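See below for structure01.pdb, which holds PDB, C-alpha atoms.
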```pdb
ATOM      1  CA  MET A   1       0.000   0.000   0.000
ATOM      2  CA  GLU A   2       2.850   2.434   0.718
ATOM      3  CA  ARG A   3       4.217   1.955  -2.795
ATOM      4  CA  ILE A   4       0.777   2.256  -4.392
ATOM      5  CA  ASN A   5      -0.019   5.384  -2.387
ATOM      6  CA  ILE A   6       3.193   7.020  -3.630
ATOM      7  CA  ALA A   7       3.343   5.767  -7.225
ATOM      8  CA  GLY A   8      -0.348   5.209  -7.866
ATOM      9  CA  ALA A   9      -2.160   2.066  -8.911
ATOM     10  CA  ALA A  10      -3.180   1.009 -12.384
ATOM     11  CA  ASP A  11      -6.738   1.873 -13.389
ATOM     12  CA  SER A  12      -8.454  -1.480 -13.433
ATOM     13  CA  GLY A  13     -11.894   0.023 -14.027
ATOM     14  CA  PRO A  14     -14.939  -0.459 -11.842
ATOM     15  CA  ALA A  15     -15.135  -3.814 -10.081
ATOM     16  CA  GLY A  16     -18.283  -5.712 -10.905
ATOM     17  CA  THR A  17     -19.560  -8.981  -9.542
ATOM     18  CA  PRO A  18     -16.990 -11.745 -10.092
ATOM     19  CA  ALA A  19     -18.163 -14.660 -12.183
ATOM     20  CA  PRO A  20     -19.668 -17.614 -10.282
ATOM     21  CA  CYS A  21     -17.678 -20.825 -10.454
ATOM     22  CA  THR A  22     -18.070 -24.491  -9.629
ATOM     23  CA  ALA A  23     -16.525 -26.639  -6.932
ATOM     24  CA  ALA A  24     -14.324 -28.204  -9.609
ATOM     25  CA  ALA A  25     -13.020 -24.753 -10.530
ATOM     26  CA  VAL A  26     -12.198 -24.006  -6.892
ATOM     27  CA  ALA A  27     -10.367 -27.323  -6.585
ATOM     28  CA  ALA A  28      -8.355 -26.548  -9.718
ATOM     29  CA  HIS A  29      -7.547 -22.961  -8.721
ATOM     30  CA  ASP A  30      -3.805 -22.390  -8.385
ATOM     31  CA  GLY A  31      -3.857 -19.517  -5.943
ATOM     32  CA  PRO A  32      -5.392 -18.313  -2.691
ATOM     33  CA  VAL A  33      -9.008 -19.087  -1.905
ATOM     34  CA  VAL A  34     -10.381 -16.328   0.320
ATOM     35  CA  ASP A  35     -13.515 -16.907   2.354
ATOM     36  CA  VAL A  36     -15.249 -13.542   2.826
ATOM     37  CA  ARG A  37     -18.213 -14.826   4.827
ATOM     38  CA  PRO A  38     -18.628 -14.010   8.536
ATOM     39  CA  VAL A  39     -16.240 -15.735  10.933
ATOM     40  CA  ASN A  40     -18.915 -17.996  12.429
ATOM     41  CA  ALA A  41     -19.688 -19.376   8.964
ATOM     42  CA  PHE A  42     -15.996 -20.113   8.426
ATOM     43  CA  GLN A  43     -15.779 -21.810  11.816
ATOM     44  CA  GLY A  44     -18.685 -24.085  10.937
ATOM     45  CA  ALA A  45     -17.516 -25.175   7.484
ATOM     46  CA  HIS A  46     -15.050 -23.851   4.933
ATOM     47  CA  TRP A  47     -13.208 -24.858   1.803
ATOM     48  CA  PRO A  48     -10.078 -26.791   2.843
ATOM     49  CA  GLY A  49      -7.019 -24.554   2.742
ATOM     50  CA  SER A  50      -8.976 -21.310   2.378
ATOM     51  CA  LEU A  51      -8.198 -18.113   4.257
ATOM     52  CA  CYS A  52     -10.755 -16.452   6.513
ATOM     53  CA  LEU A  53     -10.959 -12.760   5.583
ATOM     54  CA  PRO A  54     -14.519 -11.482   6.095
ATOM     55  CA  VAL A  55     -15.605  -8.578   3.895
ATOM     56  CA  GLY A  56     -15.411  -6.068   6.735
ATOM     57  CA  MET A  57     -11.849  -7.115   7.599
ATOM     58  CA  LEU A  58     -10.375  -7.204   4.082
ATOM     59  CA  SER A  59      -9.016  -3.663   4.132
ATOM     60  CA  ALA A  60      -7.198  -4.261   7.413
ATOM     61  CA  PHE A  61      -5.778  -7.740   6.868
ATOM     62  CA  ALA A  62      -5.761  -8.843   3.205
ATOM     63  CA  GLY A  63      -2.463  -7.073   2.596
ATOM     64  CA  TRP A  64      -0.760  -9.104   5.305
ATOM     65  CA  TYR A  65      -1.688 -12.472   3.768
ATOM     66  CA  LEU A  66      -1.988 -12.010  -0.007
ATOM     67  CA  GLU A  67       0.805 -11.478  -2.527
ATOM     68  CA  GLU A  68       0.509  -8.594  -4.956
ATOM     69  CA  GLY A  69      -0.561  -9.722  -8.424
ATOM     70  CA  THR A  70      -1.939 -13.059  -7.267
ATOM     71  CA  GLU A  71      -5.207 -14.356  -8.692
ATOM     72  CA  ILE A  72      -7.800 -14.730  -5.939
ATOM     73  CA  LEU A  73     -10.883 -16.889  -5.822
ATOM     74  CA  LEU A  74     -13.594 -15.969  -3.319
ATOM     75  CA  VAL A  75     -15.937 -18.073  -1.243
ATOM     76  CA  ALA A  76     -19.001 -15.953  -0.499
ATOM     77  CA  ASP A  77     -22.604 -16.233   0.618
ATOM     78  CA  ASP A  78     -23.845 -14.695  -2.648
ATOM     79  CA  GLY A  79     -22.918 -12.513  -5.581
ATOM     80  CA  GLY A  80     -23.556  -9.265  -3.718
ATOM     81  CA  GLN A  81     -21.093 -10.197  -0.995
ATOM     82  CA  ALA A  82     -18.564 -11.272  -3.622
ATOM     83  CA  ALA A  83     -18.956  -7.973  -5.480
ATOM     84  CA  GLU A  84     -18.378  -5.966  -2.298
ATOM     85  CA  ALA A  85     -15.316  -8.072  -1.493
ATOM     86  CA  ALA A  86     -13.928  -7.509  -4.997
ATOM     87  CA  ARG A  87     -14.428  -3.743  -4.629
ATOM     88  CA  ARG A  88     -12.625  -3.661  -1.295
ATOM     89  CA  LEU A  89      -9.787  -5.809  -2.596
ATOM     90  CA  GLY A  90      -9.440  -3.611  -5.682
ATOM     91  CA  ARG A  91      -9.082  -0.499  -3.537
ATOM     92  CA  ILE A  92      -5.977  -1.937  -1.884
ATOM     93  CA  GLY A  93      -4.358  -3.214  -5.072
ATOM     94  CA  PHE A  94      -5.740  -6.755  -5.395
ATOM     95  CA  ASP A  95      -7.694  -6.549  -8.638
ATOM     96  CA  ARG A  96      -7.294 -10.097  -9.953
ATOM     97  CA  VAL A  97     -10.403 -11.885  -8.690
ATOM     98  CA  ALA A  98     -10.990 -15.026 -10.733
ATOM     99  CA  GLY A  99     -14.535 -15.650  -9.519
ATOM    100  CA  TYR A 100     -16.589 -16.647  -6.529
ATOM    101  CA  PHE A 101     -18.085 -19.834  -5.161
ATOM    102  CA  ASP A 102     -21.288 -19.866  -3.127
ATOM    103  CA  GLY A 103     -22.048 -23.582  -3.247
ATOM    104  CA  LEU A 104     -20.236 -24.826  -0.150
ATOM    105  CA  VAL A 105     -23.312 -26.401   1.429
ATOM    106  CA  PRO A 106     -24.376 -28.280  -1.732
ATOM    107  CA  ALA A 107     -20.759 -29.369  -2.231
ATOM    108  CA  THR A 108     -20.564 -30.839   1.276
ATOM    109  CA  ALA A 109     -23.937 -32.505   0.756
ATOM    110  CA  GLY A 110     -22.415 -34.118  -2.307
ATOM    111  CA  GLY A 111     -19.556 -35.509  -0.255
ATOM    112  CA  HIS A 112     -16.903 -32.878  -0.913
ATOM    113  CA  PRO A 113     -14.485 -32.587   2.036
ATOM    114  CA  PHE A 114     -14.626 -29.456   4.149
ATOM    115  CA  GLY A 115     -12.694 -27.909   6.989
ATOM    116  CA  HIS A 116     -13.971 -26.509  10.248
ATOM    117  CA  LEU A 117     -12.580 -24.612  13.229
ATOM    118  CA  PRO A 118     -13.554 -25.836  16.700
ATOM    119  CA  VAL A 119     -14.238 -23.143  19.282
ATOM    120  CA  VAL A 120     -13.524 -23.357  23.012
ATOM    121  CA  SER A 121     -14.796 -21.433  26.015
ATOM    122  CA  ALA A 122     -13.060 -19.520  28.804
ATOM    123  CA  ALA A 123     -13.695 -22.501  31.087
ATOM    124  CA  GLU A 124     -11.866 -24.824  28.678
ATOM    125  CA  VAL A 125      -8.933 -22.420  28.349
ATOM    126  CA  ALA A 126      -8.719 -22.249  32.147
ATOM    127  CA  ARG A 127      -8.799 -26.054  32.332
ATOM    128  CA  ARG A 128      -5.951 -26.345  29.816
ATOM    129  CA  ARG A 129      -3.892 -23.820  31.791
ATOM    130  CA  ARG A 130      -4.387 -25.810  34.982
ATOM    131  CA  ARG A 131      -3.162 -28.944  33.227
ATOM    132  CA  ASN A 132       0.038 -27.037  32.430
ATOM    133  CA  ALA A 133       0.655 -29.409  29.540
ATOM    134  CA  GLY A 134       3.646 -28.850  27.295
ATOM    135  CA  ASP A 135       1.693 -29.654  24.153
ATOM    136  CA  TRP A 136      -0.553 -26.575  24.052
ATOM    137  CA  THR A 137      -0.035 -22.926  23.105
ATOM    138  CA  LEU A 138      -2.459 -20.080  23.791
ATOM    139  CA  LEU A 139      -1.704 -17.591  21.022
ATOM    140  CA  ASP A 140      -2.868 -13.998  21.546
ATOM    141  CA  VAL A 141      -3.057 -12.208  18.180
ATOM    142  CA  ARG A 142      -4.122  -8.746  19.371
ATOM    143  CA  ASP A 143      -1.923  -5.722  18.771
ATOM    144  CA  ILE A 144       0.897  -4.892  21.148
ATOM    145  CA  ASP A 145      -1.010  -2.150  23.000
ATOM    146  CA  GLU A 146      -3.858  -4.537  23.779
ATOM    147  CA  TRP A 147      -1.382  -7.207  24.879
ATOM    148  CA  THR A 148       0.520  -4.814  27.127
ATOM    149  CA  ASP A 149      -2.706  -3.598  28.730
ATOM    150  CA  GLY A 150      -3.477  -7.128  29.887
ATOM    151  CA  HIS A 151      -3.135 -10.722  28.698
ATOM    152  CA  VAL A 152      -3.773 -14.238  29.929
ATOM    153  CA  PRO A 153      -0.791 -15.447  31.982
ATOM    154  CA  GLY A 154       1.293 -17.909  29.990
ATOM    155  CA  ALA A 155      -0.056 -16.830  26.594
ATOM    156  CA  VAL A 156       2.253 -16.204  23.623
ATOM    157  CA  HIS A 157       1.890 -13.016  21.598
ATOM    158  CA  ALA A 158       1.984 -12.665  17.811
ATOM    159  CA  TYR A 159       0.039  -9.892  16.077
ATOM    160  CA  VAL A 160      -2.425 -11.343  13.572
ATOM    161  CA  GLY A 161      -0.868  -9.407  10.697
ATOM    162  CA  ARG A 162       2.628 -10.666  11.530
ATOM    163  CA  LEU A 163       1.584 -14.271  11.852
ATOM    164  CA  PRO A 164       3.349 -15.466   8.670
ATOM    165  CA  GLU A 165       6.636 -14.320  10.219
ATOM    166  CA  ALA A 166       5.834 -15.373  13.783
ATOM    167  CA  ALA A 167       4.760 -18.853  12.662
ATOM    168  CA  GLU A 168       8.415 -19.807  12.368
ATOM    169  CA  ARG A 169       8.527 -19.742  16.176
ATOM    170  CA  LEU A 170       5.472 -21.964  16.563
ATOM    171  CA  ASP A 171       5.497 -25.753  16.677
ATOM    172  CA  PRO A 172       3.005 -27.228  14.174
ATOM    173  CA  GLU A 173       2.879 -30.405  16.272
ATOM    174  CA  ARG A 174       1.392 -28.575  19.276
ATOM    175  CA  ARG A 175      -2.252 -27.756  19.786
ATOM    176  CA  ILE A 176      -2.779 -24.018  19.311
ATOM    177  CA  THR A 177      -5.692 -21.959  20.594
ATOM    178  CA  THR A 178      -5.933 -18.493  19.073
ATOM    179  CA  MET A 179      -7.482 -15.552  20.899
ATOM    180  CA  CYS A 180      -8.002 -11.808  20.443
ATOM    181  CA  ALA A 181     -10.558  -9.449  22.016
ATOM    182  CA  SER A 182     -13.691 -11.348  21.000
ATOM    183  CA  GLY A 183     -12.765 -14.096  18.539
ATOM    184  CA  ALA A 184     -12.914 -12.464  15.084
ATOM    185  CA  ARG A 185      -9.198 -11.788  14.556
ATOM    186  CA  ALA A 186      -8.491 -15.104  16.275
ATOM    187  CA  THR A 187     -10.519 -16.857  13.567
ATOM    188  CA  VAL A 188      -8.589 -15.046  10.831
ATOM    189  CA  ALA A 189      -5.345 -16.183  12.461
ATOM    190  CA  ALA A 190      -6.557 -19.744  12.967
ATOM    191  CA  GLY A 191      -7.634 -19.939   9.337
ATOM    192  CA  TRP A 192      -4.156 -18.934   8.212
ATOM    193  CA  LEU A 193      -2.549 -21.487  10.541
ATOM    194  CA  LYS A 194      -4.814 -24.277   9.278
ATOM    195  CA  ALA A 195      -4.013 -23.360   5.677
ATOM    196  CA  ASN A 196      -0.294 -23.482   6.425
ATOM    197  CA  GLY A 197       0.280 -26.853   8.028
ATOM    198  CA  PHE A 198      -0.918 -26.365  11.603
ATOM    199  CA  GLY A 199      -3.372 -29.191  12.042
ATOM    200  CA  ASP A 200      -4.633 -28.896  15.628
ATOM    201  CA  VAL A 201      -6.016 -25.374  15.938
ATOM    202  CA  ASP A 202      -9.070 -23.993  17.704
ATOM    203  CA  VAL A 203     -10.461 -20.554  18.580
ATOM    204  CA  PHE A 204     -11.124 -19.091  22.014
ATOM    205  CA  LEU A 205     -14.646 -17.783  21.418
ATOM    206  CA  GLY A 206     -15.214 -14.616  23.397
ATOM    207  CA  SER A 207     -11.448 -14.372  23.907
ATOM    208  CA  MET A 208     -10.223 -11.598  26.223
ATOM    209  CA  GLY A 209     -13.709 -10.311  26.905
ATOM    210  CA  ALA A 210     -14.838 -13.730  28.081
ATOM    211  CA  TRP A 211     -11.629 -14.287  30.042
ATOM    212  CA  ARG A 212     -11.936 -11.028  31.958
ATOM    213  CA  SER A 213     -15.600 -11.708  32.695
ATOM    214  CA  ARG A 214     -15.126 -15.288  33.874
ATOM    215  CA  GLU A 215     -11.562 -15.657  35.154
ATOM    216  CA  GLY A 216     -10.216 -12.153  35.644
ATOM    217  CA  GLU A 217      -6.566 -13.171  36.053
ATOM    218  CA  VAL A 218      -4.385 -11.113  33.713
ATOM    219  CA  GLU A 219      -0.798  -9.973  33.386
ATOM    220  CA  SER A 220       0.180  -6.522  32.192
ATOM    221  CA  GLY A 221       3.299  -5.320  30.444
ATOM    222  CA  PRO A 222       5.315  -6.545  27.468
ATOM    223  CA  ASP A 223       6.707  -9.709  29.067
ATOM    224  CA  GLY A 224       5.135 -13.138  29.174
ATOM    225  CA  GLY A 225       4.856 -13.919  25.499
TER
END
```
So, in terms of structure tokens, how does the structure I just supplied come out?
Amino acid sequence: MERINIAGAADSGPAGTPAPCTAAAVAAHDGPVVDVRPVNAFQGAHWPGSLCLPVGMLSAFAGWYLEEGTEILLVADDGGQAAEAARRLGRIGFDRVAGYFDGLVPATAGGHPFGHLPVVSAAEVARRRRRNAGDWTLLDVRDIDEWTDGHVPGAVHAYVGRLPEAAERLDPERRITTMCASGARATVAAGWLKANGFGDVDVFLGSMGAWRSREGEVESGPDGG
């Protein structure tokens, strides 16, 4: 975005509704598949290997995860949602949208494999902390100011946008629970982890809000993660 803001972007014309495509076309697509539906829809069922980037979060996070010039295929609820996603992507320099797929439910009914993201509660996170097992990581993906203001003791910090870099420090063999303020950014992060070889990932639903309400124990300051 810094380069585009200085040099200017090419005029790609107005973004219309991407063309609908089939499950076979999604399977054959050689590029990122971006799910722009709400996070709870992604948690329930998503195209294997797809990224979770809801329409309202595209402007903030698409640039962290997508390579410039790449051809993107969308998973959307309908054509209107796909068109809005294409407009938002085009505004930040991603103007190669190959099409959209809105047939996830029929595809799963036909036996096509799908992914899902389990969610866990504050009580389950507290139980895992008490176990003090060495095979689990609580990954807080909020920004550094939020982390410094207060975080769950023992959690590890990696900002959601820096996750591709921070992932080098994470063990793909360990169970990872992602958390943020409520669960939305945590789902974006978990989707990226699942798409990049981390098999045992779940989302702390309610995240810091739920933790403060139920458990209350927090650490402040930059240390601890």
Expected selection from the PyMOL selection byres ((chain A and resi 72-87) around 6), given as a PDB file with C-alpha atoms, in the coordinates of the input:
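Below is the file that was written, part_1.pdb:
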```
ATOM      1  CA  ALA A  15     -15.135  -3.814 -10.081  1.00  0.00           C
ATOM      2  CA  GLY A  16     -18.283  -5.712 -10.905  1.00  0.00           C
ATOM      3  CA  THR A  17     -19.560  -8.981  -9.542  1.00  0.00           C
ATOM      4  CA  PRO A  32      -5.392 -18.313  -2.691  1.00  0.00           C
ATOM      5  CA  VAL A  33      -9.008 -19.087  -1.905  1.00  0.00           C
ATOM      6  CA  VAL A  34     -10.381 -16.328   0.320  1.00  0.00           C
ATOM      7  CA  ASP A  35     -13.515 -16.907   2.354  1.00  0.00           C
ATOM      8  CA  VAL A  36     -15.249 -13.542   2.826  1.00  0.00           C
ATOM      9  CA  ARG A  37     -18.213 -14.826   4.827  1.00  0.00           C
ATOM     10  CA  VAL A  55     -15.605  -8.578   3.895  1.00  0.00           C
ATOM     11  CA  GLU A  71      -5.207 -14.356  -8.692  1.00  0.00           C
ATOM     12  CA  ARG A  88     -12.625  -3.661  -1.295  1.00  0.00           C
ATOM     13  CA  LEU A  89      -9.787  -5.809  -2.596  1.00  0.00           C
ATOM     14  CA  GLY A  90      -9.440  -3.611  -5.682  1.00  0.00           C
ATOM     15  CA  VAL A  97     -10.403 -11.885  -8.690  1.00  0.00           C
ATOM     16  CA  ALA A  98     -10.990 -15.026 -10.733  1.00  0.00           C
ATOM     17  CA  GLY A  99     -14.535 -15.650  -9.519  1.00  0.00           C
ATOM     18  CA  TYR A 100     -16.589 -16.647  -6.529  1.00  0.00           C
ATOM     19  CA  PHE A 101     -18.085 -19.834  -5.161  1.00  0.00           C
ATOM     20  CA  ASP A 102     -21.288 -19.866  -3.127  1.00  0.00           C
TER      21      ASP A 102
END
```
**Request:** Could you give me, as JSON, numbers by chain, the residues within 12 Å of stretch 144-154 of chain A, counting only C-alpha atoms and dropping anything in the same chain fewer than 5 positions from it?
**Result:** {"A": [122, 125, 126, 128, 129, 130, 132, 133, 134, 136, 137, 138, 139, 159, 160, 161, 162, 178, 179, 180, 181, 204, 207, 208, 209, 210, 211, 212, 215, 216, 217, 218, 219, 220, 221, 222, 223, 224, 225]}
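With atom CA of A:Ala166 on one side and atom CA of A:Thr187 on the other, the separation reads 16.4 Å.
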**Request:** Could you list the residues chosen by the PyMOL selection byres ((chain A and resi 61) around 12) in this structure as a ChimeraX atom specification?
**Result:** /A:1,34,36,51-60,62-66,88-89,92,159-163,184-185,188-189,192
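Taking atom CA of A:Ser50 as the reference point, atom CA of A:Val26 is found at 10.2 Å.
Computed from the coordinates, the atom CA of A:Ala27 to atom CA of A:Val201 distance equals 23.0 Å.
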For A:Leu117: contacts at 8 Å, only C-alpha atoms, fewer than 3 positions along chain excluded, given as a tab-separated table (two decimals) with C-alpha atoms, keeping the file's coordinate frame:
```
chain	number	residue	atom	x	y	z
A	42	PHE	CA	-16.00	-20.11	8.43
A	43	GLN	CA	-15.78	-21.81	11.82
A	44	GLY	CA	-18.68	-24.08	10.94
A	45	ALA	CA	-17.52	-25.18	7.48
A	190	ALA	CA	-6.56	-19.74	12.97
A	191	GLY	CA	-7.63	-19.94	9.34
A	201	VAL	CA	-6.02	-25.37	15.94
A	202	ASP	CA	-9.07	-23.99	17.70
A	203	VAL	CA	-10.46	-20.55	18.58
```
**Message:** I'd like to know which of A:Ser213, A:His116, A:Ala19, A:Glu68 is closest to A:Gly31, using all atoms listed in the file.
**Reply:**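 Counting all atoms listed in the file, the residue closest to A:Gly31 is A:Glu68.
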